[in-house]
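Coordinates from final-v3.cif are shown below (mmCIF, C-alpha atoms).
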data_my_file
loop_
_atom_site.group_PDB
_atom_site.id
_atom_site.type_symbol
_atom_site.label_atom_id
_atom_site.label_comp_id
_atom_site.auth_asym_id
_atom_site.auth_seq_id
_atom_site.Cartn_x
_atom_site.Cartn_y
_atom_site.Cartn_z
ATOM 1 C CA MET A 1 -7.836 -24.798 -8.306
ATOM 2 C CA ARG A 2 -7.300 -21.143 -7.409
ATOM 3 C CA GLY A 3 -4.940 -19.360 -9.798
ATOM 4 C CA ALA A 4 -2.543 -16.532 -9.097
ATOM 5 C CA PHE A 5 -4.007 -13.193 -8.023
ATOM 6 C CA GLN A 6 -4.840 -10.969 -11.006
ATOM 7 C CA PRO A 7 -6.468 -7.509 -10.722
ATOM 8 C CA THR A 8 -8.754 -8.010 -13.739
ATOM 9 C CA VAL A 9 -10.067 -11.201 -12.113
ATOM 10 C CA HIS A 10 -9.776 -10.619 -8.374
ATOM 11 C CA GLY A 11 -10.065 -6.824 -8.152
ATOM 12 C CA PHE A 12 -13.298 -4.837 -8.003
ATOM 13 C CA ASN A 13 -14.809 -3.579 -11.261
ATOM 14 C CA PHE A 14 -15.627 -0.094 -9.968
ATOM 15 C CA ARG A 15 -13.345 2.814 -9.175
ATOM 16 C CA ASN A 16 -12.453 3.838 -5.632
ATOM 17 C CA SER A 17 -14.658 6.920 -5.376
ATOM 18 C CA PHE A 18 -17.238 7.400 -2.619
ATOM 19 C CA SER A 19 -19.143 10.353 -1.173
ATOM 20 C CA GLY A 20 -19.324 11.502 2.440
ATOM 21 C CA TYR A 21 -16.810 11.360 5.290
ATOM 22 C CA PRO A 22 -14.686 8.193 5.549
ATOM 23 C CA LEU A 23 -14.158 7.780 9.317
ATOM 24 C CA PRO A 24 -16.362 7.637 12.413
ATOM 25 C CA PHE A 25 -13.957 10.033 14.164
ATOM 26 C CA GLU A 26 -12.030 13.213 13.393
ATOM 27 C CA ILE A 27 -8.268 13.601 13.623
ATOM 28 C CA PRO A 28 -7.215 16.724 15.564
ATOM 29 C CA TYR A 29 -5.055 19.348 13.824
ATOM 30 C CA LEU A 30 -5.494 17.791 10.402
ATOM 31 C CA ALA A 31 -7.586 19.211 7.614
ATOM 32 C CA GLN A 32 -10.607 17.000 7.117
ATOM 33 C CA ALA A 33 -11.137 14.862 4.044
ATOM 34 C CA SER A 34 -13.307 16.311 1.306
ATOM 35 C CA ALA A 35 -16.861 15.261 0.456
ATOM 36 C CA SER A 36 -15.391 12.800 -2.014
ATOM 37 C CA TYR A 37 -13.135 10.097 -0.628
ATOM 38 C CA GLY A 38 -11.838 6.595 -1.175
ATOM 39 C CA LEU A 39 -11.969 3.264 0.587
ATOM 40 C CA CYS A 40 -8.757 2.016 -0.976
ATOM 41 C CA GLY A 41 -7.814 0.038 2.111
ATOM 42 C CA GLY A 42 -11.248 -1.539 2.357
ATOM 43 C CA MET A 43 -11.250 -2.490 -1.314
ATOM 44 C CA SER A 44 -7.719 -3.871 -1.019
ATOM 45 C CA ALA A 45 -8.478 -5.940 2.082
ATOM 46 C CA ALA A 46 -11.763 -7.174 0.609
ATOM 47 C CA ALA A 47 -10.071 -8.271 -2.619
ATOM 48 C CA CYS A 48 -7.612 -10.295 -0.523
ATOM 49 C CA ASP A 49 -10.517 -11.758 1.485
ATOM 50 C CA PHE A 50 -12.379 -12.934 -1.612
ATOM 51 C CA TYR A 51 -9.182 -14.354 -3.071
ATOM 52 C CA ALA A 52 -8.308 -16.262 0.099
ATOM 53 C CA ALA A 53 -11.860 -17.634 0.271
ATOM 54 C CA GLY A 54 -11.713 -18.781 -3.354
ATOM 55 C CA ARG A 55 -14.788 -16.717 -4.177
ATOM 56 C CA ALA A 56 -15.470 -14.510 -7.176
ATOM 57 C CA ILE A 57 -15.482 -10.783 -6.561
ATOM 58 C CA PRO A 58 -18.962 -9.109 -6.797
ATOM 59 C CA ALA A 59 -19.641 -8.495 -10.485
ATOM 60 C CA THR A 60 -21.048 -4.973 -10.142
ATOM 61 C CA ASP A 61 -19.242 -2.091 -11.838
ATOM 62 C CA THR A 62 -21.268 0.502 -9.907
ATOM 63 C CA VAL A 63 -19.799 2.113 -6.787
ATOM 64 C CA PRO A 64 -21.890 0.839 -3.841
ATOM 65 C CA THR A 65 -23.821 3.427 -1.869
ATOM 66 C CA LYS A 66 -24.117 3.758 1.871
ATOM 67 C CA ASP A 67 -26.356 1.342 3.742
ATOM 68 C CA THR A 68 -25.808 -1.417 1.190
ATOM 69 C CA PRO A 69 -24.178 -4.695 2.267
ATOM 70 C CA LEU A 70 -21.153 -4.241 -0.015
ATOM 71 C CA TYR A 71 -20.511 -0.685 1.154
ATOM 72 C CA ASP A 72 -20.795 -1.692 4.807
ATOM 73 C CA TYR A 73 -18.350 -4.542 4.250
ATOM 74 C CA LEU A 74 -15.812 -2.309 2.465
ATOM 75 C CA TYR A 75 -16.141 0.331 5.155
ATOM 76 C CA GLN A 76 -15.482 -2.144 7.973
ATOM 77 C CA ARG A 77 -12.504 -3.552 6.083
ATOM 78 C CA GLN A 78 -11.181 -0.009 5.636
ATOM 79 C CA LEU A 79 -11.245 0.501 9.394
ATOM 80 C CA ALA A 80 -9.504 -2.848 9.896
ATOM 81 C CA THR A 81 -6.588 -1.866 7.650
ATOM 82 C CA LEU A 82 -6.065 1.339 9.631
ATOM 83 C CA GLY A 83 -5.204 -0.665 12.743
ATOM 84 C CA GLU A 84 -6.389 -0.365 16.308
ATOM 85 C CA SER A 85 -7.267 3.253 17.124
ATOM 86 C CA GLY A 86 -5.984 4.297 13.701
ATOM 87 C CA ALA A 87 -2.396 3.151 14.358
ATOM 88 C CA TYR A 88 -1.560 3.050 10.663
ATOM 89 C CA ILE A 89 -2.745 6.624 10.206
ATOM 90 C CA LEU A 90 -0.079 7.559 12.742
ATOM 91 C CA LYS A 91 2.449 5.463 10.837
ATOM 92 C CA PHE A 92 1.619 7.313 7.627
ATOM 93 C CA LEU A 93 2.122 10.606 9.469
ATOM 94 C CA ALA A 94 5.425 9.422 10.945
ATOM 95 C CA TRP A 95 6.741 8.353 7.540
ATOM 96 C CA MET A 96 5.556 11.614 5.994
ATOM 97 C CA ALA A 97 7.879 13.422 8.426
ATOM 98 C CA LEU A 98 10.922 11.274 7.604
ATOM 99 C CA PRO A 99 13.560 12.144 5.007
ATOM 100 C CA ASP A 100 13.911 9.955 1.938
ATOM 101 C CA ASP A 101 17.678 9.429 2.016
ATOM 102 C CA ASN A 102 18.901 8.653 5.500
ATOM 103 C CA VAL A 103 19.887 5.619 7.561
ATOM 104 C CA HIS A 104 16.402 5.746 9.086
ATOM 105 C CA GLY A 105 14.620 7.359 6.119
ATOM 106 C CA THR A 106 11.700 6.028 4.103
ATOM 107 C CA ARG A 107 13.853 4.371 1.451
ATOM 108 C CA SER A 108 16.026 2.533 3.959
ATOM 109 C CA LEU A 109 13.041 1.379 6.029
ATOM 110 C CA THR A 110 11.288 0.156 2.898
ATOM 111 C CA TYR A 111 14.316 -1.842 1.777
ATOM 112 C CA HIS A 112 15.437 -3.326 5.090
ATOM 113 C CA GLU A 113 12.154 -3.823 6.963
ATOM 114 C CA GLU A 114 9.071 -3.605 4.778
ATOM 115 C CA PHE A 115 10.037 -5.225 1.484
ATOM 116 C CA PRO A 116 11.281 -8.422 3.205
ATOM 117 C CA ALA A 117 7.909 -8.624 4.990
ATOM 118 C CA VAL A 118 6.073 -8.172 1.684
ATOM 119 C CA ARG A 119 8.184 -10.845 0.068
ATOM 120 C CA ARG A 120 7.542 -13.359 2.842
ATOM 121 C CA GLU A 121 3.796 -13.014 2.268
ATOM 122 C CA LEU A 122 4.103 -13.291 -1.510
ATOM 123 C CA ASP A 123 6.350 -16.333 -1.212
ATOM 124 C CA GLN A 124 3.454 -18.000 0.642
ATOM 125 C CA GLY A 125 1.030 -17.093 -2.142
ATOM 126 C CA ARG A 126 -0.693 -14.405 -0.082
ATOM 127 C CA PRO A 127 -1.355 -10.983 -1.637
ATOM 128 C CA VAL A 128 -0.659 -8.263 0.920
ATOM 129 C CA VAL A 129 -2.076 -4.785 1.561
ATOM 130 C CA ILE A 130 0.615 -2.102 1.567
ATOM 131 C CA GLY A 131 0.531 1.616 2.286
ATOM 132 C CA LEU A 132 2.147 3.880 -0.303
ATOM 133 C CA VAL A 133 3.657 7.065 1.108
ATOM 134 C CA TYR A 134 3.421 9.801 -1.501
ATOM 135 C CA ILE A 135 3.404 12.914 0.662
ATOM 136 C CA ASN A 136 6.115 14.779 2.563
ATOM 137 C CA SER A 137 4.820 16.591 5.646
ATOM 138 C CA ARG A 138 6.861 19.664 4.720
ATOM 139 C CA GLU A 139 4.539 20.031 1.758
ATOM 140 C CA SER A 140 1.222 18.895 3.222
ATOM 141 C CA LEU A 141 -0.402 17.161 6.210
ATOM 142 C CA GLN A 142 -3.102 15.647 4.012
ATOM 143 C CA VAL A 143 -2.591 12.057 5.087
ATOM 144 C CA TRP A 144 -5.481 11.102 2.785
ATOM 145 C CA GLU A 145 -3.291 11.831 -0.223
ATOM 146 C CA ASN A 146 -1.333 8.653 0.483
ATOM 147 C CA HIS A 147 -2.728 5.348 -0.739
ATOM 148 C CA GLN A 148 -3.351 1.634 -0.089
ATOM 149 C CA VAL A 149 -2.949 -1.095 -2.707
ATOM 150 C CA VAL A 150 -2.491 -4.874 -2.939
ATOM 151 C CA ALA A 151 0.959 -6.204 -3.780
ATOM 152 C CA TYR A 152 0.505 -9.585 -5.459
ATOM 153 C CA SER A 153 3.765 -10.533 -7.193
ATOM 154 C CA ILE A 154 7.361 -9.521 -7.810
ATOM 155 C CA GLY A 155 8.668 -9.240 -11.333
ATOM 156 C CA GLU A 156 11.927 -10.769 -12.448
ATOM 157 C CA PRO A 157 14.570 -11.167 -11.240
ATOM 158 C CA ALA A 158 13.252 -13.471 -8.530
ATOM 159 C CA GLU A 159 16.222 -12.504 -6.350
ATOM 160 C CA PRO A 160 16.242 -8.724 -6.801
ATOM 161 C CA ARG A 161 19.668 -7.159 -6.431
ATOM 162 C CA THR A 162 19.459 -3.690 -7.936
ATOM 163 C CA SER A 163 15.973 -3.317 -9.425
ATOM 164 C CA PHE A 164 12.623 -5.088 -9.706
ATOM 165 C CA ALA A 165 8.915 -4.358 -10.166
ATOM 166 C CA LEU A 166 6.263 -4.988 -7.548
ATOM 167 C CA ARG A 167 2.947 -5.710 -9.269
ATOM 168 C CA VAL A 168 -0.053 -4.169 -7.534
ATOM 169 C CA TYR A 169 -3.830 -3.980 -7.677
ATOM 170 C CA ASP A 170 -4.725 -0.303 -7.371
ATOM 171 C CA PRO A 171 -8.397 0.317 -6.450
ATOM 172 C CA ASN A 172 -8.184 3.681 -8.230
ATOM 173 C CA LEU A 173 -7.478 1.842 -11.490
ATOM 174 C CA PRO A 174 -9.972 -1.006 -11.963
ATOM 175 C CA GLN A 175 -9.461 -3.657 -14.617
ATOM 176 C CA ARG A 176 -5.735 -3.036 -15.024
ATOM 177 C CA ASP A 177 -3.058 -5.697 -14.667
ATOM 178 C CA ASP A 178 -0.245 -3.336 -15.679
ATOM 179 C CA VAL A 179 0.182 -1.209 -12.540
ATOM 180 C CA THR A 180 3.594 -1.602 -10.903
ATOM 181 C CA ILE A 181 5.829 -0.089 -8.282
ATOM 182 C CA SER A 182 9.261 0.088 -9.897
ATOM 183 C CA CYS A 183 11.959 -0.301 -7.231
ATOM 184 C CA GLU A 184 15.669 0.423 -7.577
ATOM 185 C CA ARG A 185 18.266 -0.178 -4.886
ATOM 186 C CA VAL A 186 20.208 3.023 -4.232
ATOM 187 C CA ARG A 187 22.731 4.188 -1.657
ATOM 188 C CA VAL A 188 21.092 6.444 0.898
ATOM 189 C CA ALA A 189 23.959 6.959 3.363
ATOM 190 C CA ARG A 190 27.495 6.014 4.387
ATOM 191 C CA VAL A 191 28.184 5.197 8.007
ATOM 192 C CA ARG A 192 31.512 4.691 9.724
ATOM 193 C CA VAL A 193 32.083 1.324 11.398
ATOM 194 C CA ILE A 194 35.276 1.481 13.481
ATOM 195 C CA PHE A 195 37.982 1.870 10.798
ATOM 196 C CA TRP A 196 35.946 1.681 7.581
ATOM 197 C CA TRP A 197 32.856 3.083 5.924
ATOM 198 C CA ARG A 198 29.750 1.049 5.125
ATOM 199 C CA ASN A 199 27.139 1.859 2.505
ATOM 200 C CA VAL A 200 23.498 1.905 3.577
ATOM 201 C CA TYR A 201 20.987 1.101 0.858
ATOM 202 C CA GLY A 202 17.342 1.861 0.281
ATOM 203 C CA LEU A 203 14.678 1.509 -2.389
ATOM 204 C CA ARG A 204 13.834 4.358 -4.752
ATOM 205 C CA CYS A 205 10.257 3.644 -5.856
ATOM 206 C CA VAL A 206 8.066 4.931 -8.668
ATOM 207 C CA GLN A 207 4.479 3.956 -9.443
ATOM 208 C CA ARG A 208 4.140 3.260 -13.156
ATOM 209 C CA VAL A 209 0.898 3.047 -15.125
ATOM 210 C CA PRO A 210 1.163 2.856 -18.933
ATOM 211 C CA GLY A 211 -0.394 5.944 -20.491
ATOM 212 C CA ARG A 212 -0.065 8.005 -17.305
ATOM 213 C CA ALA A 213 2.680 10.080 -15.752
ATOM 214 C CA ASP A 214 4.929 8.245 -13.293
ATOM 215 C CA ARG A 215 4.415 9.072 -9.612
ATOM 216 C CA ALA A 216 7.190 8.967 -7.021
ATOM 217 C CA VAL A 217 6.543 6.730 -4.017
ATOM 218 C CA ARG A 218 8.620 7.810 -1.014
ATOM 219 C CA GLY A 219 8.277 4.373 0.562
ATOM 220 C CA PHE A 220 5.807 1.621 1.410
ATOM 221 C CA PHE A 221 4.934 -0.537 4.399
ATOM 222 C CA VAL A 222 2.823 -3.597 5.177
ATOM 223 C CA MET A 223 -0.604 -2.865 6.673
ATOM 224 C CA ARG A 224 -1.244 -5.971 8.762
ATOM 225 C CA HIS A 225 -4.827 -6.894 9.584
ATOM 226 C CA SER A 226 -6.889 -10.018 10.203
ATOM 227 C CA ARG A 227 -8.434 -11.735 7.208
ATOM 228 C CA ARG A 228 -12.209 -12.057 7.143
ATOM 229 C CA THR A 229 -14.549 -14.378 5.270
ATOM 230 C CA PRO A 230 -16.778 -12.222 3.050
ATOM 231 C CA PRO A 231 -20.477 -12.309 3.943
ATOM 232 C CA ALA A 232 -22.459 -14.900 2.024
ATOM 233 C CA ASP A 233 -24.887 -12.330 0.589
ATOM 234 C CA LEU A 234 -22.201 -10.407 -1.333
#
Taking this structure as input, can you express it in the form of structure tokens?
Amino acid sequence: MRGAFQPTVHGFNFRNSFSGYPLPFEIPYLAQASASYGLCGGMSAAACDFYAAGRAIPATDTVPTKDTPLYDYLYQRQLATLGESGAYILKFLAWMALPDDNVHGTRSLTYHEEFPAVRRELDQGRPVVIGLVYINSRESLQVWENHQVVAYSIGEPAEPRTSFALRVYDPNLPQRDDVTISCERVRVARVRVIFWWRNVYGLRCVQRVPGRADRAVRGFFVMRHSRRTPPADL
């Protein structure tokens, strides 16, 4: 019987670090990715594929090179997570331009729209690929500095009211079960409704990795894509 998703069991054993250019197209007006890049979305989607198929992840701890079956599979899964015509790249860019604290800011959208979608998947026992928005466009347009991970469980309390931890598999951190997105409900705005004021809430998020500095996460969203059965030769 398949157990619960666990990064040390169901995540890849190598780090998300590849060489070359990650996309078959260029994005106008944006600085291009460097000669070293990641396939975090591909690794995340592939880990979910293997888990759903009840198959063990490839045992290698060496980063696959181009023109190998595993690389080709990860690359195609990376493109799948970016959506048709790179729609999720545009979503990253849109969120990068949003404020944090606002009725329609990243924290409010995460709390009211994206976290409920994540929870619905997890309640069905399905790990889900999410996009982590780190960057504010006022500081940089380097969309590549954002990230993709697998959310696989929610820490206690089961019915989060003010704070909880979202456990994630981070392809940048292989063989670690202790990576979390710490989420706290905070007020992001007050809006007037006829004769009274109503609080609007959002999630303030921080990525925590024991032994490393915390990193602020401006928000996260579900990156929907079709599941795929991994090739038999992997």
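Interatomic distance, CA of Tyr201 in chain A to CA of Val186 in chain A: 5.5 Å.
Once the PyMOL selection byres ((chain A and resi 210) around 10) is applied to the shown structure, the selection contains Arg176, Asp178, Val179, Thr180, Arg208, Val209, Gly211, Arg212, Ala213 and Asp214 of chain A.
If you measure from each of A:Leu79, A:Val103, A:Ala151, A:Val63 to Arg120 in chain A using only C-alpha atoms, the closest one turns out to be A:Ala151.
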Hey, what's within 9 Å of Thr62 in chain A if we count all atoms listed in the file and toss same-chain stuff fewer than 3 positions away? As number ranges by chain, please?
-> A: 13-15, 65
Restrict the calculation to all atoms listed in the file, then for each residue of range 59-106 of chain A with any atom at most 10 Å from an atom of range 190-200 of chain A give the closest atom pair and their distance in Å to one decimal, rows by chain and rising residue number, as a tab-separated table.
residue	atom	partner	partner_atom	distance
A:Asp101	CA	A:Val200	CA	9.6
A:Asn102	CA	A:Val200	CA	8.4
A:Val103	CA	A:Val200	CA	6.5
A:His104	CA	A:Val200	CA	9.8
Residues near Phe92 in chain A, cut-off 8 Å, all atoms listed in the file, skip fewer than 6 positions along chain, as a PyMOL selection string | chain A and resi 131+133+143+146
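Among the candidate residues A:Phe164, A:Trp144, A:Tyr88, A:Phe115, the one lying nearest to Arg224 in chain A is A:Tyr88, with distances computed using all atoms listed in the file.
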Using the chain letters and numbers from the file, give me the residues hit by the PyMOL selection byres ((chain A and resi 52-56) around 10), as a PyMOL selection string.
-> chain A and resi 1-3+5+9-12+46-51+57-59+125-127+227-230+234
Taking the file as shown, find all residues satisfying the PyMOL selection byres ((chain A and resi 206) around 6) and write them as a PyMOL selection string.
-> chain A and resi 181-182+205+207+215-217
With a distance cut-off of 9 Å and all atoms listed in the file, select the neighbouring residues of Gly38 in chain A, excluding the residue or stretch itself and same-chain residues fewer than 4 positions from it, and output the selection as a ChimeraX atom specification.
-> /A:15-19,22,42,144,171-172
From the structure just shown, export range 94-107 of chain A with all heavy atoms as a CSV table (one decimal), in the first residue's frame.
chain,number,residue,atom,x,y,z
A,94,ALA,N,2.7,38.7,-13.1
A,94,ALA,CA,1.6,39.5,-12.5
A,94,ALA,C,1.7,39.6,-11.0
A,94,ALA,O,1.5,40.6,-10.5
A,94,ALA,CB,0.3,38.9,-13.0
A,95,TRP,N,2.0,38.4,-10.4
A,95,TRP,CA,2.1,38.5,-8.9
A,95,TRP,C,3.3,39.3,-8.4
A,95,TRP,O,3.2,39.9,-7.4
A,95,TRP,CB,2.1,37.0,-8.4
A,95,TRP,CG,0.8,36.4,-8.3
A,95,TRP,CD1,-0.2,36.3,-9.2
A,95,TRP,CD2,0.2,35.7,-7.1
A,95,TRP,NE1,-1.3,35.6,-8.8
A,95,TRP,CE2,-1.1,35.2,-7.5
A,95,TRP,CE3,0.7,35.4,-5.8
A,95,TRP,CZ2,-1.9,34.5,-6.6
A,95,TRP,CZ3,-0.1,34.7,-5.0
A,95,TRP,CH2,-1.4,34.3,-5.3
A,96,MET,N,4.4,39.2,-9.2
A,96,MET,CA,5.5,40.0,-8.8
A,96,MET,C,5.2,41.5,-8.8
A,96,MET,O,5.8,42.3,-8.0
A,96,MET,CB,6.7,39.7,-9.8
A,96,MET,CG,7.3,38.4,-9.7
A,96,MET,SD,8.4,37.9,-11.1
A,96,MET,CE,9.6,39.2,-11.0
A,97,ALA,N,4.2,41.9,-9.6
A,97,ALA,CA,3.9,43.3,-9.7
A,97,ALA,C,2.9,43.7,-8.6
A,97,ALA,O,2.6,44.9,-8.5
A,97,ALA,CB,3.3,43.7,-11.1
A,98,LEU,N,2.3,42.8,-7.9
A,98,LEU,CA,1.2,43.1,-6.9
A,98,LEU,C,1.9,43.5,-5.6
A,98,LEU,O,3.0,43.1,-5.3
A,98,LEU,CB,0.4,41.9,-6.7
A,98,LEU,CG,-0.5,41.4,-7.8
A,98,LEU,CD1,-1.2,40.1,-7.5
A,98,LEU,CD2,-1.6,42.4,-8.2
A,99,PRO,N,1.1,44.3,-4.8
A,99,PRO,CA,1.6,44.6,-3.4
A,99,PRO,C,1.4,43.3,-2.6
A,99,PRO,O,0.6,42.4,-2.9
A,99,PRO,CB,0.7,45.7,-3.0
A,99,PRO,CG,-0.6,45.5,-3.8
A,99,PRO,CD,-0.2,44.9,-5.1
A,100,ASP,N,2.0,43.3,-1.4
A,100,ASP,CA,1.8,42.2,-0.5
A,100,ASP,C,0.5,42.4,0.3
A,100,ASP,O,-0.4,41.6,0.3
A,100,ASP,CB,2.9,42.1,0.6
A,100,ASP,CG,4.2,41.7,-0.1
A,100,ASP,OD1,4.2,41.2,-1.2
A,100,ASP,OD2,5.3,41.8,0.6
A,101,ASP,N,0.3,43.6,0.9
A,101,ASP,CA,-0.8,43.9,1.8
A,101,ASP,C,-1.8,44.8,1.0
A,101,ASP,O,-1.6,46.0,0.9
A,101,ASP,CB,-0.4,44.6,3.0
A,101,ASP,CG,0.4,43.6,3.9
A,101,ASP,OD1,0.2,42.4,3.9
A,101,ASP,OD2,1.3,44.1,4.7
A,102,ASN,N,-2.9,44.1,0.6
A,102,ASN,CA,-3.9,44.8,-0.2
A,102,ASN,C,-5.1,43.8,-0.4
A,102,ASN,O,-4.9,42.6,-0.3
A,102,ASN,CB,-3.4,45.3,-1.6
A,102,ASN,CG,-4.3,46.1,-2.3
A,102,ASN,OD1,-5.3,45.6,-2.9
A,102,ASN,ND2,-4.0,47.4,-2.4
A,103,VAL,N,-6.3,44.4,-0.6
A,103,VAL,CA,-7.4,43.5,-0.8
A,103,VAL,C,-7.1,42.5,-1.9
A,103,VAL,O,-7.5,41.3,-1.9
A,103,VAL,CB,-8.7,44.3,-1.2
A,103,VAL,CG1,-9.8,43.4,-1.5
A,103,VAL,CG2,-9.1,45.2,0.0
A,104,HIS,N,-6.4,42.9,-3.0
A,104,HIS,CA,-6.1,42.1,-4.1
A,104,HIS,C,-4.6,41.8,-4.2
A,104,HIS,O,-4.1,41.6,-5.3
A,104,HIS,CB,-6.6,42.7,-5.4
A,104,HIS,CG,-8.1,42.9,-5.4
A,104,HIS,ND1,-9.0,41.9,-5.4
A,104,HIS,CD2,-8.8,44.1,-5.4
A,104,HIS,CE1,-10.2,42.5,-5.4
A,104,HIS,NE2,-10.1,43.8,-5.4
A,105,GLY,N,-3.9,41.9,-3.0
A,105,GLY,CA,-2.5,41.6,-3.0
A,105,GLY,C,-2.1,40.1,-2.9
A,105,GLY,O,-3.0,39.3,-2.8
A,106,THR,N,-0.8,39.8,-2.9
A,106,THR,CA,-0.4,38.4,-2.9
A,106,THR,C,-0.8,37.7,-1.7
A,106,THR,O,-1.2,36.5,-1.8
A,106,THR,CB,1.1,38.4,-3.1
A,106,THR,OG1,1.8,39.1,-2.0
A,106,THR,CG2,1.6,38.9,-4.4
A,107,ARG,N,-0.8,38.3,-0.5
A,107,ARG,CA,-1.2,37.6,0.7
A,107,ARG,C,-2.7,37.3,0.7
A,107,ARG,O,-3.1,36.2,1.1
A,107,ARG,CB,-0.8,38.4,1.9
A,107,ARG,CG,0.7,38.5,2.1
A,107,ARG,CD,1.0,39.4,3.3
A,107,ARG,NE,2.5,39.4,3.6
A,107,ARG,CZ,3.1,40.2,4.5
A,107,ARG,NH1,2.4,41.1,5.2
A,107,ARG,NH2,4.4,40.1,4.6
